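Visitor: My structure is stored as my_file33.tsv, with TSV, C-alpha atoms and all ligand atoms.
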```
chain	number	residue	atom	x	y	z
A	789	VAL	CA	0.00	0.00	0.00
A	790	ALA	CA	1.48	3.31	-1.12
A	791	GLU	CA	2.15	5.94	1.52
A	792	SER	CA	3.64	9.37	1.70
A	793	SER	CA	6.02	10.24	4.55
A	794	ASP	CA	4.81	13.83	4.88
A	795	CYS	CA	1.09	13.05	4.79
A	796	ILE	CA	-0.85	13.41	8.03
A	797	PHE	CA	-3.47	10.83	7.04
A	798	CYS	CA	-0.80	8.30	6.02
A	799	LYS	CA	0.67	8.84	9.51
A	800	ILE	CA	-2.76	8.10	11.02
A	801	ILE	CA	-2.96	4.92	8.89
A	802	GLN	CA	0.51	3.91	10.12
A	803	GLY	CA	-0.45	4.66	13.72
A	804	ASP	CA	2.34	7.27	13.95
A	805	ILE	CA	-0.11	9.91	15.12
A	806	PRO	CA	-3.25	9.17	17.13
A	807	ALA	CA	-6.81	9.28	15.83
A	808	GLU	CA	-10.18	8.07	17.06
A	809	LYS	CA	-10.58	5.23	14.58
A	810	ILE	CA	-14.10	3.90	14.18
A	811	TYR	CA	-13.66	1.37	11.36
A	812	GLU	CA	-10.72	-0.26	9.67
A	813	GLY	CA	-10.56	-2.68	6.77
A	814	ASP	CA	-7.68	-3.82	4.54
A	815	GLN	CA	-8.18	-0.86	2.20
A	816	VAL	CA	-10.20	1.66	4.20
A	817	LEU	CA	-9.91	3.60	7.44
A	818	ALA	CA	-12.57	5.76	9.10
A	819	PHE	CA	-11.87	8.09	12.02
A	820	LEU	CA	-13.36	11.15	13.67
A	821	ASP	CA	-12.47	14.56	12.28
A	822	VAL	CA	-10.74	16.67	14.98
A	823	GLY	CA	-12.42	19.80	13.65
A	824	PRO	CA	-16.02	18.60	13.40
A	825	LEU	CA	-18.79	20.54	11.66
A	826	SER	CA	-21.11	18.51	13.88
A	827	ASP	CA	-20.61	15.79	16.51
A	828	CYS	CA	-19.24	12.56	15.05
A	829	HIS	CA	-18.16	14.18	11.75
A	830	THR	CA	-16.18	11.32	10.27
A	831	LEU	CA	-13.50	10.98	7.62
A	832	VAL	CA	-13.28	7.90	5.42
A	833	ILE	CA	-9.98	7.40	3.58
A	834	PRO	CA	-8.31	4.84	1.32
A	835	LYS	CA	-5.26	3.14	2.82
A	836	PHE	CA	-3.41	4.30	-0.27
A	837	HIS	CA	-1.87	7.72	-0.68
A	838	CYS	CA	-3.44	9.74	-3.46
A	839	ALA	CA	-4.76	13.27	-3.43
A	840	ARG	CA	-7.76	12.92	-5.67
A	841	LEU	CA	-10.62	10.63	-6.54
A	842	ASP	CA	-9.35	10.26	-10.11
A	843	GLN	CA	-5.97	9.01	-8.83
A	844	CYS	CA	-7.36	6.32	-6.55
A	845	PRO	CA	-7.21	2.68	-7.68
A	846	ALA	CA	-10.66	1.19	-8.33
A	847	GLU	CA	-10.27	-1.50	-5.65
A	848	PHE	CA	-9.79	1.14	-2.95
A	849	LEU	CA	-12.73	3.15	-4.24
A	850	ALA	CA	-14.85	0.01	-4.22
A	851	ALA	CA	-13.89	-0.63	-0.60
A	852	ILE	CA	-14.81	2.96	0.31
A	853	ALA	CA	-18.15	2.67	-1.48
A	854	LYS	CA	-18.84	-0.53	0.39
A	855	SER	CA	-17.99	0.87	3.80
A	856	LEU	CA	-19.61	4.31	3.50
A	857	PRO	CA	-23.23	3.22	4.07
A	858	MET	CA	-22.24	1.16	7.09
A	859	ILE	CA	-20.19	3.99	8.60
A	860	ALA	CA	-22.89	6.58	7.84
A	861	SER	CA	-25.56	4.39	9.47
A	862	ALA	CA	-23.49	3.95	12.63
A	863	VAL	CA	-22.76	7.68	12.82
A	864	VAL	CA	-26.42	8.59	12.26
A	865	GLU	CA	-27.52	6.17	14.95
A	866	THR	CA	-24.96	7.53	17.39
A	867	VAL	CA	-26.08	11.16	17.19
A	868	ASP	CA	-29.69	10.48	16.16
A	869	ALA	CA	-29.14	12.52	13.00
A	870	ASP	CA	-31.93	13.48	10.60
A	871	GLY	CA	-29.58	13.19	7.63
A	872	TYR	CA	-25.96	13.51	6.57
A	873	ASN	CA	-23.73	14.94	3.85
A	874	VAL	CA	-21.05	12.86	2.17
A	875	LEU	CA	-18.56	15.06	0.41
A	876	SER	CA	-15.02	15.16	-0.85
A	877	ASN	CA	-13.25	18.47	-1.30
A	878	THR	CA	-10.96	18.04	-4.29
A	879	GLY	CA	-8.27	20.64	-4.95
A	880	ARG	CA	-7.47	23.87	-3.14
A	881	ALA	CA	-10.23	25.69	-5.03
A	882	ALA	CA	-12.74	23.28	-3.52
A	883	GLY	CA	-11.39	23.67	0.01
A	884	GLN	CA	-9.10	20.63	0.17
A	885	LEU	CA	-6.52	21.17	2.89
A	886	VAL	CA	-5.24	17.63	3.40
A	887	GLY	CA	-3.71	16.11	0.26
A	888	HIS	CA	-4.90	12.56	0.92
A	889	LEU	CA	-8.27	11.65	-0.59
A	890	HIS	CA	-10.99	11.68	2.04
A	891	PHE	CA	-14.75	11.60	2.26
A	892	HIS	CA	-16.45	13.63	4.95
A	893	VAL	CA	-19.53	12.11	6.57
A	894	ILE	CA	-21.26	15.03	8.28
A	895	PRO	CA	-24.29	14.28	10.44
A	896	ARG	CA	-27.13	16.77	9.97
A	897	HIS	CA	-29.99	17.80	12.20
A	898	THR	CA	-33.05	19.68	10.99
A	899	GLY	CA	-32.41	23.41	11.32
A	900	ASP	CA	-28.70	23.02	12.19
A	901	GLY	CA	-27.85	25.86	9.79
A	902	LEU	CA	-24.83	24.11	8.22
A	903	PHE	CA	-24.28	24.89	4.51
A	904	LYS	CA	-27.07	27.45	4.74
A	905	SER	CA	-26.15	28.86	1.39
A	906	TRP	CA	-26.51	26.75	-1.77
A	907	PRO	CA	-26.08	29.42	-4.39
A	908	ALA	CA	-27.84	27.77	-7.31
A	909	ASN	CA	-27.64	29.46	-10.73
A	910	LYS	CA	-29.66	29.09	-13.90
A	911	TYR	CA	-28.37	28.17	-17.37
A	912	LYS	CA	-28.93	30.44	-20.30
A	913	GLU	CA	-31.10	29.14	-23.16
A	914	GLY	CA	-29.48	26.05	-24.75
A	915	GLU	CA	-26.45	26.12	-22.46
A	916	ILE	CA	-27.30	22.99	-20.52
A	917	LYS	CA	-27.37	20.91	-23.72
A	918	GLN	CA	-24.03	22.33	-24.87
A	919	PHE	CA	-22.32	21.56	-21.57
A	920	ALA	CA	-23.74	18.03	-21.48
A	921	LYS	CA	-22.51	17.39	-25.03
A	922	LYS	CA	-18.99	18.62	-24.20
A	923	ILE	CA	-18.80	16.50	-21.08
A	924	ARG	CA	-19.97	13.41	-22.99
A	925	GLN	CA	-17.11	14.03	-25.45
A	926	ASN	CA	-14.65	14.25	-22.54
A	927	ILE	CA	-15.78	11.07	-20.83
A	928	GLN	CA	-12.98	8.51	-20.97
A	929	SER	CA	-14.38	5.21	-19.87
B	1001	LIG	P1	-10.40	19.10	3.78
B	1001	LIG	O1	-10.56	20.58	3.95
B	1001	LIG	O2	-9.05	18.74	3.26
B	1001	LIG	O3	-11.52	18.49	3.00
B	1001	LIG	O4	-10.59	18.50	5.22
B	1001	LIG	C1	-9.55	18.06	6.02
B	1001	LIG	C2	-10.18	17.67	7.34
B	1001	LIG	O5	-9.23	16.95	8.09
B	1001	LIG	C3	-10.61	18.87	8.19
B	1001	LIG	O6	-12.00	18.77	8.47
B	1001	LIG	C4	-9.76	18.74	9.46
B	1001	LIG	O7	-10.46	19.07	10.63
B	1001	LIG	C5	-9.34	17.29	9.44
B	1001	LIG	N1	-8.03	17.04	10.01
B	1001	LIG	C6	-6.89	17.72	9.74
B	1001	LIG	N2	-5.86	17.22	10.45
B	1001	LIG	C7	-6.37	16.19	11.18
B	1001	LIG	C8	-5.78	15.28	12.13
B	1001	LIG	O8	-4.60	15.31	12.41
B	1001	LIG	N3	-6.61	14.36	12.68
B	1001	LIG	C9	-7.94	14.29	12.37
B	1001	LIG	N4	-8.66	13.34	12.99
B	1001	LIG	N5	-8.52	15.13	11.49
B	1001	LIG	C10	-7.74	16.08	10.91
B	1002	ZN	ZN	-1.46	10.01	2.53
```
Once you've parsed the file, please lay out its structure as structure tokens.
Guide:
Amino acid sequence: VAESSDCIFCKIIQGDIPAEKIYEGDQVLAFLDVGPLSDCHTLVIPKFHCARLDQCPAEFLAAIAKSLPMIASAVVETVDADGYNVLSNTGRAAGQLVGHLHFHVIPRHTGDGLFKSWPANKYKEGEIKQFAKKIRQNIQS
């Protein structure tokens, strides 16, 4: 399993720095975020050093996908949440501070006021079709 010596999450995987681990598999680790947006805010990471989703081997992503519902259910039960957000900040522009791929599981309660603003825009006439066409051309499966 690849690791990076100057990565804080790789150090948590190695046990070199402490974390409140809540689930560990061969390819996945989940632990509590030390700067929670709400109680039991959890981070789920591949046990493979990569910064971004598109750099993560499929087997690690599959393991994350498999564990996320189980982890989310346990977290929700623990804090009696009404819902949760799963999100991955990718790149500085998107707010990524730690350069090891991670998925936030953020428990939500009705009226908690988190992410109050969701600044939705509208497309101009015909624009949505043009964007969809361009993306389809860029899909590399
Ligand atoms: P990002 O902004 O990169 O998506 O989120 C990084 C998250 O990692 C932040 O929510 C931050 O609180 C958390 N974090 C940073 N350093 C540590 C650490 O050493 N231990 C734990 N448990 N969480 C950390
Ligand atoms: Zn790492």
Visitor: Return as a list in words every polymer residue, whether protein, DNA or RNA, with at least one atom no more than 8 Å from an atom of ligand LIG 1001 (chain B); count only C-alpha atoms and all ligand atoms.
Guide: Ile796, Phe797, Ile800, Ile805, Pro806, Ala807, Glu808, Phe819, Leu820, Asp821, Val822, Gly823, Pro824, Leu825, Leu831, Ser876, Asn877, Thr878, Gly883, Gln884, Leu885, Val886, Gly887, His888, His890, Phe891 and His892 of chain A
Visitor: Report, in Å with one decimal, the straight-line distance from atom CA of Gly803 of chain A to atom CA of Ala881 of chain A.
Guide: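 Atom CA of Ala881 of chain A lies at a distance of 29.8 Å from atom CA of Gly803 of chain A.
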Visitor: Taking 3 positions as the minimum chain separation for residues in the same chain, which residues sit within 9 Å of segment 901-907 of chain A when counting all atoms listed in the file? Answer as a short mmCIF file (atom, residue, chain, number, x, y, z; two decimals) with C-alpha atoms, in the frame of the given file.
Guide:
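Output below, filename part.cif:
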```cif
data_model
loop_
_atom_site.label_atom_id
_atom_site.label_comp_id
_atom_site.auth_asym_id
_atom_site.auth_seq_id
_atom_site.Cartn_x
_atom_site.Cartn_y
_atom_site.Cartn_z
CA LEU A 825 -18.79 20.54 11.66
CA SER A 826 -21.11 18.51 13.88
CA ARG A 896 -27.13 16.77 9.97
CA HIS A 897 -29.99 17.80 12.20
CA THR A 898 -33.05 19.68 10.99
#
```
Visitor: What's the 10 Å shell around segment 862-866 of chain A, counting only C-alpha atoms, without same-chain residues fewer than 6 positions away, as a PDB file with C-alpha atoms, in the frame of the given file?
Guide:
```pdb
ATOM      1  CA  ILE A 810     -14.100   3.900  14.180  1.00  0.00           C
ATOM      2  CA  ASP A 827     -20.610  15.790  16.510  1.00  0.00           C
ATOM      3  CA  CYS A 828     -19.240  12.560  15.050  1.00  0.00           C
ATOM      4  CA  HIS A 829     -18.160  14.180  11.750  1.00  0.00           C
ATOM      5  CA  THR A 830     -16.180  11.320  10.270  1.00  0.00           C
ATOM      6  CA  LEU A 856     -19.610   4.310   3.500  1.00  0.00           C
ATOM      7  CA  TYR A 872     -25.960  13.510   6.570  1.00  0.00           C
ATOM      8  CA  VAL A 893     -19.530  12.110   6.570  1.00  0.00           C
ATOM      9  CA  ILE A 894     -21.260  15.030   8.280  1.00  0.00           C
ATOM     10  CA  PRO A 895     -24.290  14.280  10.440  1.00  0.00           C
ATOM     11  CA  ARG A 896     -27.130  16.770   9.970  1.00  0.00           C
ATOM     12  CA  HIS A 897     -29.990  17.800  12.200  1.00  0.00           C
TER      13      HIS A 897
END
```
Visitor: How many Å lie between atom CA of Ile801 of chain A and atom CA of His837 of chain A, rounded to one decimal?
Guide: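 A separation of 10.0 Å between them.
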